[in-house]
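Text of data_21.cif (mmCIF, C-alpha atoms) as supplied:
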data_my_file
#
loop_
_atom_site.group_PDB
_atom_site.id
_atom_site.type_symbol
_atom_site.label_atom_id
_atom_site.label_comp_id
_atom_site.auth_asym_id
_atom_site.auth_seq_id
_atom_site.Cartn_x
_atom_site.Cartn_y
_atom_site.Cartn_z
ATOM 1 C CA MET A 735 0.000 0.000 0.000
ATOM 2 C CA ARG A 736 1.256 3.490 -0.831
ATOM 3 C CA ALA A 737 2.332 5.388 2.278
ATOM 4 C CA LYS A 738 1.172 8.850 3.322
ATOM 5 C CA ILE A 739 3.735 10.852 5.303
ATOM 6 C CA LEU A 740 3.358 13.961 7.470
ATOM 7 C CA VAL A 741 6.487 16.143 7.739
ATOM 8 C CA ILE A 742 6.479 18.423 10.801
ATOM 9 C CA ASP A 743 9.154 21.134 10.937
ATOM 10 C CA ASP A 744 9.049 24.871 11.651
ATOM 11 C CA GLU A 745 11.639 25.482 8.907
ATOM 12 C CA GLU A 746 9.698 25.820 5.649
ATOM 13 C CA SER A 747 12.799 25.103 3.576
ATOM 14 C CA VAL A 748 13.319 21.760 5.320
ATOM 15 C CA CYS A 749 9.691 20.821 4.699
ATOM 16 C CA GLU A 750 10.035 21.710 1.024
ATOM 17 C CA ILE A 751 13.213 19.662 0.596
ATOM 18 C CA LEU A 752 11.735 16.603 2.292
ATOM 19 C CA LYS A 753 8.400 16.898 0.484
ATOM 20 C CA PHE A 754 10.072 17.253 -2.923
ATOM 21 C CA ASN A 755 12.371 14.260 -2.465
ATOM 22 C CA LEU A 756 9.794 12.019 -0.816
ATOM 23 C CA GLU A 757 7.240 12.706 -3.543
ATOM 24 C CA LYS A 758 9.907 11.885 -6.138
ATOM 25 C CA GLU A 759 10.132 8.471 -4.470
ATOM 26 C CA GLY A 760 6.375 8.013 -4.850
ATOM 27 C CA TYR A 761 5.093 8.830 -1.346
ATOM 28 C CA GLN A 762 2.150 11.073 -0.571
ATOM 29 C CA VAL A 763 3.408 13.938 1.586
ATOM 30 C CA ASP A 764 1.808 16.714 3.631
ATOM 31 C CA CYS A 765 3.598 19.320 5.748
ATOM 32 C CA ALA A 766 2.846 21.052 9.045
ATOM 33 C CA TYR A 767 4.961 23.916 10.353
ATOM 34 C CA SER A 768 4.336 23.256 14.046
ATOM 35 C CA ALA A 769 3.287 20.411 16.298
ATOM 36 C CA GLU A 770 0.105 22.341 17.101
ATOM 37 C CA GLU A 771 -0.821 22.550 13.415
ATOM 38 C CA ALA A 772 -0.142 18.836 12.973
ATOM 39 C CA LEU A 773 -2.385 17.892 15.898
ATOM 40 C CA GLU A 774 -5.268 19.806 14.306
ATOM 41 C CA MET A 775 -5.016 17.657 11.181
ATOM 42 C CA GLU A 776 -6.545 14.210 10.629
ATOM 43 C CA ILE A 777 -3.386 12.539 11.880
ATOM 44 C CA GLU A 778 -4.825 9.015 11.822
ATOM 45 C CA GLN A 779 -4.581 9.044 7.999
ATOM 46 C CA TYR A 780 -0.771 9.002 8.013
ATOM 47 C CA GLN A 781 1.560 6.004 8.026
ATOM 48 C CA LEU A 782 4.673 7.921 9.143
ATOM 49 C CA PHE A 783 5.440 11.123 11.051
ATOM 50 C CA MET A 784 8.755 12.852 10.321
ATOM 51 C CA VAL A 785 9.226 15.262 13.213
ATOM 52 C CA ASP A 786 11.652 18.019 14.145
ATOM 53 C CA ILE A 787 12.302 18.286 17.895
ATOM 54 C CA MET A 788 13.105 21.946 18.536
ATOM 55 C CA MET A 789 9.922 23.877 17.693
ATOM 56 C CA ASP A 790 8.460 27.003 19.278
ATOM 57 C CA GLN A 791 5.752 25.784 21.670
ATOM 58 C CA LEU A 792 5.165 22.042 21.543
ATOM 59 C CA SER A 793 8.415 20.207 20.898
ATOM 60 C CA GLY A 794 8.773 17.101 18.779
ATOM 61 C CA PHE A 795 9.036 15.093 21.993
ATOM 62 C CA ASP A 796 5.716 16.576 23.168
ATOM 63 C CA PHE A 797 4.121 15.694 19.833
ATOM 64 C CA ALA A 798 5.426 12.120 20.028
ATOM 65 C CA ASN A 799 4.060 11.677 23.557
ATOM 66 C CA ARG A 800 0.610 12.808 22.390
ATOM 67 C CA ILE A 801 0.744 10.525 19.369
ATOM 68 C CA ARG A 802 1.643 7.546 21.531
ATOM 69 C CA ALA A 803 -1.198 8.397 23.951
ATOM 70 C CA ASN A 804 -3.761 8.417 21.111
ATOM 71 C CA ALA A 805 -5.268 4.982 20.409
ATOM 72 C CA ALA A 806 -5.623 5.853 16.712
ATOM 73 C CA THR A 807 -1.919 6.635 16.281
ATOM 74 C CA GLU A 808 -0.103 4.870 19.117
ATOM 75 C CA PHE A 809 1.593 2.471 16.677
ATOM 76 C CA THR A 810 2.205 4.906 13.805
ATOM 77 C CA PRO A 811 5.970 5.111 13.152
ATOM 78 C CA ILE A 812 7.833 8.266 14.137
ATOM 79 C CA LEU A 813 11.113 9.373 12.569
ATOM 80 C CA PHE A 814 12.829 12.265 14.343
ATOM 81 C CA CYS A 815 14.856 14.649 12.134
ATOM 82 C CA SER A 816 16.680 16.960 14.495
ATOM 83 C CA ALA A 817 19.762 19.116 14.946
ATOM 84 C CA LEU A 818 20.027 17.631 18.455
ATOM 85 C CA SER A 819 22.783 15.088 17.967
ATOM 86 C CA ASP A 820 23.728 14.360 21.571
ATOM 87 C CA GLU A 821 23.461 10.669 22.417
ATOM 88 C CA ASP A 822 21.125 11.434 25.324
ATOM 89 C CA ASP A 823 18.692 13.164 22.943
ATOM 90 C CA VAL A 824 18.765 10.196 20.580
ATOM 91 C CA VAL A 825 18.116 7.773 23.435
ATOM 92 C CA LYS A 826 15.314 10.001 24.768
ATOM 93 C CA GLY A 827 13.673 9.973 21.351
ATOM 94 C CA LEU A 828 13.877 6.189 21.125
ATOM 95 C CA ASN A 829 12.555 5.791 24.657
ATOM 96 C CA ILE A 830 9.519 7.903 23.803
ATOM 97 C CA GLY A 831 8.764 5.357 21.116
ATOM 98 C CA ALA A 832 10.379 6.739 17.968
ATOM 99 C CA ASP A 833 11.301 4.187 15.337
ATOM 100 C CA ASP A 834 14.375 6.025 14.108
ATOM 101 C CA TYR A 835 16.367 9.244 14.522
ATOM 102 C CA VAL A 836 18.240 11.281 11.897
ATOM 103 C CA THR A 837 20.450 14.240 12.805
ATOM 104 C CA LYS A 838 20.636 17.516 10.866
ATOM 105 C CA PRO A 839 22.202 18.468 8.591
ATOM 106 C CA PHE A 840 21.099 15.233 6.966
ATOM 107 C CA VAL A 841 22.004 13.552 3.707
ATOM 108 C CA ILE A 842 18.778 13.115 1.779
ATOM 109 C CA GLY A 843 19.799 9.661 0.560
ATOM 110 C CA GLU A 844 20.148 8.459 4.140
ATOM 111 C CA VAL A 845 16.777 9.945 5.089
ATOM 112 C CA LEU A 846 15.067 8.198 2.173
ATOM 113 C CA ALA A 847 16.723 4.900 3.110
ATOM 114 C CA ARG A 848 15.530 5.190 6.708
ATOM 115 C CA VAL A 849 11.993 6.093 5.602
ATOM 116 C CA LYS A 850 11.946 3.091 3.296
ATOM 117 C CA ALA A 851 13.202 0.766 6.029
ATOM 118 C CA VAL A 852 10.656 1.956 8.625
ATOM 119 C CA LEU A 853 7.748 1.692 6.198
ATOM 120 C CA ARG A 854 8.885 -1.675 4.885
ATOM 121 C CA ARG A 855 8.496 -3.074 8.377
ATOM 122 C CA THR A 856 4.906 -1.773 8.504
ATOM 123 C CA GLY A 857 3.839 -3.072 5.105
ATOM 124 C CA TYR A 858 3.847 0.239 3.215
ATOM 125 C CA THR A 859 5.823 1.224 0.120
ATOM 126 C CA ALA A 860 6.349 4.240 -2.095
ATOM 127 C CA GLN A 861 4.297 2.992 -5.026
ATOM 128 C CA LYS A 862 1.322 0.669 -4.860
ATOM 129 C CA THR A 863 2.140 -2.651 -6.504
ATOM 130 C CA GLU A 864 0.080 -5.505 -7.864
ATOM 131 C CA SER A 865 0.867 -7.580 -4.754
ATOM 132 C CA ASP A 866 -0.977 -5.058 -2.549
ATOM 133 C CA SER A 867 -4.301 -6.478 -3.733
ATOM 134 C CA LYS A 868 -3.400 -10.032 -2.746
ATOM 135 C CA SER A 869 -4.199 -11.156 0.768
ATOM 136 C CA ILE A 870 -1.630 -13.494 2.301
ATOM 137 C CA TYR A 871 -2.509 -14.987 5.689
ATOM 138 C CA GLU A 872 0.373 -15.514 8.071
ATOM 139 C CA PRO A 873 -0.170 -17.816 11.078
ATOM 140 C CA ASP A 874 0.253 -16.481 14.606
ATOM 141 C CA VAL A 875 3.586 -16.955 16.356
ATOM 142 C CA VAL A 876 3.096 -18.371 19.852
ATOM 143 C CA PHE A 877 5.511 -19.038 22.701
ATOM 144 C CA LYS A 878 3.838 -19.978 25.982
ATOM 145 C CA GLY A 879 1.796 -16.902 26.953
ATOM 146 C CA LEU A 880 3.270 -14.730 24.204
ATOM 147 C CA LYS A 881 1.376 -14.436 20.926
ATOM 148 C CA ILE A 882 2.154 -12.354 17.868
ATOM 149 C CA ASP A 883 -0.602 -11.800 15.339
ATOM 150 C CA ARG A 884 1.371 -11.187 12.158
ATOM 151 C CA ASN A 885 -1.699 -10.150 10.172
ATOM 152 C CA ASP A 886 -3.008 -7.460 12.530
ATOM 153 C CA LYS A 887 0.526 -6.627 13.750
ATOM 154 C CA GLU A 888 -0.478 -7.074 17.386
ATOM 155 C CA CYS A 889 1.192 -8.737 20.354
ATOM 156 C CA TYR A 890 -0.453 -10.343 23.394
ATOM 157 C CA LEU A 891 1.031 -11.336 26.737
ATOM 158 C CA ASP A 892 -1.048 -13.803 28.775
ATOM 159 C CA GLY A 893 -4.117 -12.774 26.809
ATOM 160 C CA LYS A 894 -3.615 -9.020 27.305
ATOM 161 C CA HIS A 895 -2.676 -6.637 24.534
ATOM 162 C CA LEU A 896 0.993 -5.616 24.698
ATOM 163 C CA ALA A 897 1.757 -2.142 23.323
ATOM 164 C CA LEU A 898 4.991 -2.325 21.316
ATOM 165 C CA THR A 899 6.598 0.117 18.927
ATOM 166 C CA ARG A 900 7.174 -1.089 15.369
ATOM 167 C CA THR A 901 10.830 -1.770 16.087
ATOM 168 C CA GLU A 902 10.105 -3.652 19.313
ATOM 169 C CA PHE A 903 7.492 -5.710 17.474
ATOM 170 C CA ASP A 904 9.968 -6.595 14.712
ATOM 171 C CA ILE A 905 12.716 -7.521 17.172
ATOM 172 C CA LEU A 906 10.395 -9.783 19.157
ATOM 173 C CA LEU A 907 9.003 -11.374 15.990
ATOM 174 C CA PHE A 908 12.520 -12.087 14.769
ATOM 175 C CA PHE A 909 13.522 -13.602 18.108
ATOM 176 C CA LEU A 910 10.428 -15.803 18.323
ATOM 177 C CA THR A 911 10.861 -17.079 14.779
ATOM 178 C CA HIS A 912 14.638 -17.565 15.168
ATOM 179 C CA PRO A 913 15.109 -18.894 18.726
ATOM 180 C CA ASN A 914 17.975 -20.658 20.495
ATOM 181 C CA ARG A 915 20.819 -18.811 18.835
ATOM 182 C CA ILE A 916 22.848 -15.704 19.653
ATOM 183 C CA TYR A 917 22.819 -13.016 16.963
ATOM 184 C CA SER A 918 25.429 -10.306 16.644
ATOM 185 C CA ARG A 919 24.338 -6.690 16.427
ATOM 186 C CA GLU A 920 25.242 -6.736 12.728
ATOM 187 C CA GLU A 921 22.953 -9.741 12.161
ATOM 188 C CA LEU A 922 20.112 -8.068 14.046
ATOM 189 C CA ILE A 923 20.509 -4.894 11.992
ATOM 190 C CA LYS A 924 20.408 -6.892 8.757
ATOM 191 C CA ASN A 925 17.322 -8.892 9.749
ATOM 192 C CA VAL A 926 15.322 -6.215 11.580
ATOM 193 C CA TRP A 927 16.338 -2.877 10.043
ATOM 194 C CA GLY A 928 17.797 -3.960 6.707
ATOM 195 C CA ASN A 929 21.143 -3.256 5.073
ATOM 196 C CA ASP A 930 20.111 0.130 3.687
ATOM 197 C CA VAL A 931 19.929 1.800 7.110
ATOM 198 C CA VAL A 932 22.729 2.868 9.450
ATOM 199 C CA VAL A 933 21.872 1.739 12.992
ATOM 200 C CA THR A 934 24.151 2.068 15.999
ATOM 201 C CA GLY A 935 24.709 -0.545 18.665
ATOM 202 C CA ARG A 936 23.198 1.853 21.203
ATOM 203 C CA THR A 937 19.948 1.878 19.209
ATOM 204 C CA ILE A 938 19.773 -1.912 19.405
ATOM 205 C CA ASP A 939 20.576 -1.923 23.129
ATOM 206 C CA THR A 940 17.932 0.730 23.857
ATOM 207 C CA ASN A 941 15.192 -1.085 21.957
ATOM 208 C CA ILE A 942 15.964 -4.440 23.553
ATOM 209 C CA THR A 943 16.093 -2.895 27.051
ATOM 210 C CA ARG A 944 12.720 -1.269 26.417
ATOM 211 C CA LEU A 945 11.291 -4.534 25.077
ATOM 212 C CA ARG A 946 12.492 -6.467 28.116
ATOM 213 C CA LYS A 947 10.696 -4.077 30.471
ATOM 214 C CA LYS A 948 7.435 -4.635 28.616
ATOM 215 C CA LEU A 949 7.736 -8.429 28.633
ATOM 216 C CA GLY A 950 7.630 -8.748 32.428
ATOM 217 C CA ASP A 951 8.608 -12.263 33.518
ATOM 218 C CA TYR A 952 9.271 -13.207 29.902
ATOM 219 C CA ASP A 953 12.293 -10.914 29.798
ATOM 220 C CA LYS A 954 14.402 -13.817 31.039
ATOM 221 C CA TYR A 955 14.099 -15.511 27.635
ATOM 222 C CA ILE A 956 15.944 -12.652 25.920
ATOM 223 C CA VAL A 957 19.573 -13.325 26.713
ATOM 224 C CA THR A 958 22.728 -11.273 26.332
ATOM 225 C CA ARG A 959 26.116 -12.754 25.542
ATOM 226 C CA GLN A 960 28.668 -10.069 26.319
ATOM 227 C CA GLY A 961 30.837 -9.428 23.304
ATOM 228 C CA PHE A 962 28.614 -11.498 21.004
ATOM 229 C CA GLY A 963 25.037 -10.201 20.959
ATOM 230 C CA TYR A 964 21.475 -11.190 21.820
ATOM 231 C CA GLY A 965 19.204 -14.179 21.426
ATOM 232 C CA PHE A 966 15.944 -15.761 22.519
ATOM 233 C CA LYS A 967 16.223 -18.978 24.526
ATOM 234 C CA GLU A 968 13.111 -21.129 24.794
ATOM 235 C CA LYS A 969 14.365 -22.703 28.027
ATOM 236 C CA ASP A 970 15.084 -20.466 31.061
#

Turn the structure described in the file into structure tokens.
Amino acid sequence: MRAKILVIDDEESVCEILKFNLEKEGYQVDCAYSAEEALEMEIEQYQLFMVDIMMDQLSGFDFANRIRANAATEFTPILFCSALSDEDDVVKGLNIGADDYVTKPFVIGEVLARVKAVLRRTGYTAQKTESDSKSIYEPDVVFKGLKIDRNDKECYLDGKHLALTRTEFDILLFFLTHPNRIYSREELIKNVWGNDVVVTGRTIDTNITRLRKKLGDYDKYIVTRQGFGYGFKEKD
């Protein structure tokens, strides 16, 4: 399905650059010049929010918190594009629930690659293809009280809905479908993010730490091998 993207930045020139290049790739793109303006729009229609952080009144972090608190948009991917490059800012953005973070000044090719990677994980593309009209059922993935519905992109823990970001969902799905082996960070990047995106080890660590907190007692099945990587062990 063709993706619709909302770019939110108080710099009109940045919005124009992103809109021009994203539309060249085949996406539908709208722009808002503040978080307040964006929140007045029909935000549930979008499949990705590209958000600046430093804006006049509501910051990008404030916008992301409101998006995650809205049932209609709590799982919509967020990509921060910000001049804040400090590692603490990046980690804060990921902890809020962002799916990726790009620092300004950005290289447009890298931005497009990250957009493509995030949307690929959610089932959206730039151009609608013939395969979009074909329905392919994928069976649920179940491990004890954990269940992943791959068709509705939902996760359940002991029968209760588990709110995961897109990245957390993809990491858990990969672990559950590839258990009992330790994967290096490079292997996780390749299988979860894809080769066309630059992801740091800190990004992986942050997402896995966040996922563990949400899994409660099931966090013990996600194991760390210092110097090697992470894995999912079916036996505790």

Taking the file above as input, evaluate the PyMOL selection byres ((chain A and resi 744) around 6) and report the hits as JSON, numbers by chain. {"A": [743, 745, 767, 768]}

Counting only C-alpha atoms, the residue of A:Arg919, A:His912, A:Lys753, A:Lys850 that sits nearest Tyr964 of chain A: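 Among the listed residues, the smallest separation from Tyr964 of chain A belongs to A:Arg919.
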
For Leu740 of chain A: contacts at 8 Å, only C-alpha atoms, fewer than 2 positions along chain excluded, given as a count of residues only: 10

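For the residues A:Ser793, A:Ser816, A:Thr807, A:Asn755, ranking by smallest atom-to-atom distance to Glu778 of chain A using all atoms listed in the file places A:Thr807 first.
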
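Distances from A:Val875, A:Ile787, A:Val825, A:Leu813 to Thr943 of chain A were compared using all atoms listed in the file, and the smallest one belongs to A:Val825.
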